[in-house]
Amino acid sequence: QLNIEISRSRRLSLPLCVAYIDVDNFKRLNDHYGHGAGDDCLRKLAMRMKETLRPQDVIARVGGDEFVVLFNSPDSDSALAVGKRLVEVTDELNLEYTNSALSASIGIALYKNPPQDVDKVIKYADNSMYRVKHAGKGNVEIVEIDE
């Protein structure tokens with residue numbers, strides 16, 4: 001799907017926006033409640049994030065507790081607002097999994113002209129997410145890239 005959207009973005013000169021989401025402190029949840037509860041938590045989180053997104057946006061789990069969101073035709077303000085809502089949705093799971101201190105660190109890359117390489121598109125968002133983690137977790141950073 002990302003390959004298709006990169007091609008469409010480049011062909012029609014439309015922005016492309018990708019978010020990389022890491023669930024903070026997920027290991028703590030697994031250690032305290034067990035891996036079955038961790039799996040249930042990830043399913044709940046994925047459903048809640050999907051409900052938060054627009055129908056045309058795409059969310060995918062790309063690792064243990066990591067997700068990527070492909071926003072369809074976004075702008076910086078709306079992408080940042082959605083990112084903040086996704087952090088809130090993650091925080092709400094703490095009501096069910098107390099003592100886990102779950103949160104989400106989200107890096108968003110907004111491209112005016114995205115690179116053709118999928119890995120490079122995701123890497124900018126991933127790097128942004130790591131800056132959020134190093135700054136204290138549970139937040140969102142957006143970077144605008146014009147290559």
# chains A, B, ... in the order shown; residues from 1 in each chain; ligands from 1
>>> select_by_dssp(residues="chain A", states="strand (DSSP E)", output="VMD selection string")
chain A and resid 16 to 24 58 to 63 66 to 71 103 to 113 140 to 146
>>> residues_around(residues="Tyr111 (chain A)", least_positions_apart="3", cutoff="10 Å", atoms="only C-alpha atoms", output="list in words")
Ile6, Ser9, Arg10, Leu14, Pro15, Leu16, Cys17, Val18, Pro74, Asp75, Ser76, Ile108, Pro114, Pro115, Val121, Tyr124, Val143, Glu144, Ile145, Asp146 and Glu147 of chain A
>>> residues_around(residues="Asn139 (chain A)", least_positions_apart="6", cutoff="9 Å", atoms="only C-alpha atoms", output="PyMOL selection string")
chain A and resi 83-84+87+103-107+129+132-133
>>> write_last_selection(atoms="N, CA, C and O atoms", output="mmCIF file, in the first residue's frame")
data_model
loop_
_atom_site.group_PDB
_atom_site.id
_atom_site.type_symbol
_atom_site.label_atom_id
_atom_site.label_comp_id
_atom_site.auth_asym_id
_atom_site.auth_seq_id
_atom_site.Cartn_x
_atom_site.Cartn_y
_atom_site.Cartn_z
ATOM 1 N N GLY A 83 -2.047 12.301 15.750
ATOM 2 C CA GLY A 83 -0.982 11.701 16.548
ATOM 3 C C GLY A 83 -1.237 11.868 18.035
ATOM 4 O O GLY A 83 -1.082 10.922 18.820
ATOM 5 N N LYS A 84 -1.663 13.045 18.447
ATOM 6 C CA LYS A 84 -1.965 13.294 19.864
ATOM 7 C C LYS A 84 -3.145 12.443 20.331
ATOM 8 O O LYS A 84 -3.140 11.939 21.460
ATOM 9 N N VAL A 87 -1.886 8.967 21.008
ATOM 10 C CA VAL A 87 -1.214 8.897 22.307
ATOM 11 C C VAL A 87 -2.267 8.763 23.411
ATOM 12 O O VAL A 87 -2.129 7.932 24.321
ATOM 13 N N SER A 103 2.274 4.120 27.173
ATOM 14 C CA SER A 103 2.132 5.363 26.425
ATOM 15 C C SER A 103 2.579 5.071 25.006
ATOM 16 O O SER A 103 2.921 3.935 24.683
ATOM 17 N N ALA A 104 2.561 6.070 24.171
ATOM 18 C CA ALA A 104 3.002 5.890 22.790
ATOM 19 C C ALA A 104 3.956 7.016 22.421
ATOM 20 O O ALA A 104 3.692 8.182 22.717
ATOM 21 N N SER A 105 5.048 6.641 21.804
ATOM 22 C CA SER A 105 5.965 7.612 21.206
ATOM 23 C C SER A 105 5.736 7.547 19.708
ATOM 24 O O SER A 105 5.814 6.469 19.115
ATOM 25 N N ILE A 106 5.424 8.699 19.130
ATOM 26 C CA ILE A 106 5.028 8.731 17.722
ATOM 27 C C ILE A 106 5.872 9.738 16.959
ATOM 28 O O ILE A 106 5.970 10.907 17.338
ATOM 29 N N GLY A 107 6.470 9.259 15.891
ATOM 30 C CA GLY A 107 7.191 10.118 14.967
ATOM 31 C C GLY A 107 6.423 10.171 13.660
ATOM 32 O O GLY A 107 6.006 9.139 13.134
ATOM 33 N N MET A 129 10.398 9.186 15.806
ATOM 34 C CA MET A 129 9.868 8.473 16.972
ATOM 35 C C MET A 129 10.959 8.295 18.028
ATOM 36 O O MET A 129 10.725 8.487 19.219
ATOM 37 N N VAL A 132 11.440 11.330 20.066
ATOM 38 C CA VAL A 132 10.391 11.446 21.082
ATOM 39 C C VAL A 132 10.726 10.571 22.289
ATOM 40 O O VAL A 132 10.614 10.999 23.439
ATOM 41 N N LYS A 133 11.150 9.332 22.042
ATOM 42 C CA LYS A 133 11.499 8.419 23.141
ATOM 43 C C LYS A 133 12.633 9.001 23.990
ATOM 44 O O LYS A 133 12.571 8.966 25.224
#
>>> residues_around(residues="region 53-70 of chain A", least_positions_apart="4", cutoff="9 Å", atoms="only C-alpha atoms", output="ChimeraX atom specification")
/A:1-2,5,16-24,26,42,46,48-49,82,86,108,122,125
>>> residues_around(residues="Glu96 (chain A)", least_positions_apart="3", cutoff="9 Å", atoms="only C-alpha atoms", output="list in words")
Cys41, Glu92 and Leu93 of chain A
>>> write_last_selection(atoms="C-alpha atoms", output="JSON list (two decimals), in the first residue's frame")
[["chain", "number", "residue", "atom", "x", "y", "z"],
["A", 41, "CYS", "CA", -3.65, -5.38, 24.72],
["A", 92, "GLU", "CA", -6.41, 5.05, 28.20],
["A", 93, "LEU", "CA", -5.30, 1.41, 28.25]]
>>> decode(residues="region 111-139 of chain A", atoms="N, CA, C and O atoms", output="mmCIF file, in the first residue's frame")
data_model
loop_
_atom_site.group_PDB
_atom_site.id
_atom_site.type_symbol
_atom_site.label_atom_id
_atom_site.label_comp_id
_atom_site.auth_asym_id
_atom_site.auth_seq_id
_atom_site.Cartn_x
_atom_site.Cartn_y
_atom_site.Cartn_z
ATOM 1 N N TYR A 111 5.830 14.385 3.914
ATOM 2 C CA TYR A 111 6.627 14.615 2.708
ATOM 3 C C TYR A 111 5.871 15.468 1.705
ATOM 4 O O TYR A 111 4.721 15.174 1.389
ATOM 5 N N LYS A 112 6.543 16.472 1.188
ATOM 6 C CA LYS A 112 5.986 17.211 0.061
ATOM 7 C C LYS A 112 6.272 16.452 -1.230
ATOM 8 O O LYS A 112 5.489 16.481 -2.159
ATOM 9 N N ASN A 113 7.407 15.781 -1.248
ATOM 10 C CA ASN A 113 7.809 14.962 -2.386
ATOM 11 C C ASN A 113 8.563 13.758 -1.818
ATOM 12 O O ASN A 113 9.761 13.841 -1.589
ATOM 13 N N PRO A 114 7.874 12.659 -1.576
ATOM 14 C CA PRO A 114 8.521 11.535 -0.881
ATOM 15 C C PRO A 114 9.568 10.834 -1.731
ATOM 16 O O PRO A 114 9.487 10.811 -2.951
ATOM 17 N N PRO A 115 10.556 10.254 -1.052
ATOM 18 C CA PRO A 115 11.498 9.409 -1.789
ATOM 19 C C PRO A 115 10.761 8.176 -2.309
ATOM 20 O O PRO A 115 9.704 7.808 -1.789
ATOM 21 N N GLN A 116 11.307 7.550 -3.331
ATOM 22 C CA GLN A 116 10.647 6.372 -3.896
ATOM 23 C C GLN A 116 10.866 5.130 -3.044
ATOM 24 O O GLN A 116 10.109 4.178 -3.152
ATOM 25 N N ASP A 117 11.853 5.141 -2.201
ATOM 26 C CA ASP A 117 12.218 3.994 -1.386
ATOM 27 C C ASP A 117 11.335 3.917 -0.131
ATOM 28 O O ASP A 117 11.365 4.815 0.709
ATOM 29 N N VAL A 118 10.570 2.848 0.007
ATOM 30 C CA VAL A 118 9.672 2.652 1.140
ATOM 31 C C VAL A 118 10.438 2.692 2.455
ATOM 32 O O VAL A 118 10.000 3.320 3.428
ATOM 33 N N ASP A 119 11.579 2.017 2.498
ATOM 34 C CA ASP A 119 12.361 1.977 3.733
ATOM 35 C C ASP A 119 12.809 3.375 4.158
ATOM 36 O O ASP A 119 12.822 3.692 5.342
ATOM 37 N N LYS A 120 13.159 4.198 3.190
ATOM 38 C CA LYS A 120 13.588 5.559 3.504
ATOM 39 C C LYS A 120 12.409 6.393 4.011
ATOM 40 O O LYS A 120 12.558 7.171 4.952
ATOM 41 N N VAL A 121 11.234 6.193 3.434
ATOM 42 C CA VAL A 121 10.035 6.903 3.886
ATOM 43 C C VAL A 121 9.759 6.560 5.352
ATOM 44 O O VAL A 121 9.521 7.434 6.184
ATOM 45 N N ILE A 122 9.820 5.291 5.680
ATOM 46 C CA ILE A 122 9.553 4.852 7.048
ATOM 47 C C ILE A 122 10.677 5.284 7.989
ATOM 48 O O ILE A 122 10.428 5.651 9.145
ATOM 49 N N LYS A 123 11.904 5.286 7.509
ATOM 50 C CA LYS A 123 13.055 5.602 8.355
ATOM 51 C C LYS A 123 12.974 7.009 8.938
ATOM 52 O O LYS A 123 13.307 7.221 10.107
ATOM 53 N N TYR A 124 12.517 7.986 8.157
ATOM 54 C CA TYR A 124 12.391 9.344 8.686
ATOM 55 C C TYR A 124 11.400 9.380 9.843
ATOM 56 O O TYR A 124 11.630 10.039 10.858
ATOM 57 N N ALA A 125 10.287 8.681 9.701
ATOM 58 C CA ALA A 125 9.294 8.628 10.778
ATOM 59 C C ALA A 125 9.853 7.879 11.987
ATOM 60 O O ALA A 125 9.646 8.277 13.138
ATOM 61 N N ASP A 126 10.574 6.796 11.740
ATOM 62 C CA ASP A 126 11.192 6.015 12.809
ATOM 63 C C ASP A 126 12.210 6.863 13.573
ATOM 64 O O ASP A 126 12.233 6.863 14.811
ATOM 65 N N ASN A 127 13.037 7.610 12.867
ATOM 66 C CA ASN A 127 14.012 8.489 13.523
ATOM 67 C C ASN A 127 13.316 9.544 14.382
ATOM 68 O O ASN A 127 13.762 9.854 15.492
ATOM 69 N N SER A 128 12.221 10.066 13.873
ATOM 70 C CA SER A 128 11.441 11.044 14.622
ATOM 71 C C SER A 128 10.884 10.414 15.904
ATOM 72 O O SER A 128 10.912 11.020 16.976
ATOM 73 N N MET A 129 10.398 9.186 15.806
ATOM 74 C CA MET A 129 9.868 8.473 16.972
ATOM 75 C C MET A 129 10.959 8.295 18.028
ATOM 76 O O MET A 129 10.725 8.487 19.219
ATOM 77 N N TYR A 130 12.179 7.965 17.609
ATOM 78 C CA TYR A 130 13.274 7.786 18.563
ATOM 79 C C TYR A 130 13.626 9.092 19.265
ATOM 80 O O TYR A 130 13.983 9.099 20.448
ATOM 81 N N ARG A 131 13.495 10.214 18.572
ATOM 82 C CA ARG A 131 13.726 11.501 19.233
ATOM 83 C C ARG A 131 12.687 11.723 20.332
ATOM 84 O O ARG A 131 13.008 12.225 21.416
ATOM 85 N N VAL A 132 11.440 11.330 20.066
ATOM 86 C CA VAL A 132 10.391 11.446 21.082
ATOM 87 C C VAL A 132 10.726 10.571 22.289
ATOM 88 O O VAL A 132 10.614 10.999 23.439
ATOM 89 N N LYS A 133 11.150 9.332 22.042
ATOM 90 C CA LYS A 133 11.499 8.419 23.141
ATOM 91 C C LYS A 133 12.633 9.001 23.990
ATOM 92 O O LYS A 133 12.571 8.966 25.224
ATOM 93 N N HIS A 134 13.646 9.549 23.341
ATOM 94 C CA HIS A 134 14.783 10.089 24.074
ATOM 95 C C HIS A 134 14.438 11.378 24.822
ATOM 96 O O HIS A 134 15.108 11.724 25.793
ATOM 97 N N ALA A 135 13.381 12.051 24.392
ATOM 98 C CA ALA A 135 12.959 13.292 25.052
ATOM 99 C C ALA A 135 11.989 13.031 26.205
ATOM 100 O O ALA A 135 11.579 13.973 26.881
ATOM 101 N N GLY A 136 11.608 11.770 26.423
ATOM 102 C CA GLY A 136 10.755 11.480 27.565
ATOM 103 C C GLY A 136 9.551 10.594 27.290
ATOM 104 O O GLY A 136 8.781 10.310 28.197
ATOM 105 N N LYS A 137 9.339 10.178 26.070
ATOM 106 C CA LYS A 137 8.253 9.259 25.684
ATOM 107 C C LYS A 137 6.876 9.914 25.775
ATOM 108 O O LYS A 137 6.710 11.001 26.305
ATOM 109 N N GLY A 138 5.888 9.200 25.246
ATOM 110 C CA GLY A 138 4.496 9.607 25.366
ATOM 111 C C GLY A 138 4.145 10.903 24.685
ATOM 112 O O GLY A 138 3.337 11.685 25.194
ATOM 113 N N ASN A 139 4.714 11.127 23.514
ATOM 114 C CA ASN A 139 4.463 12.375 22.811
ATOM 115 C C ASN A 139 4.548 12.147 21.305
ATOM 116 O O ASN A 139 4.764 11.031 20.851
#
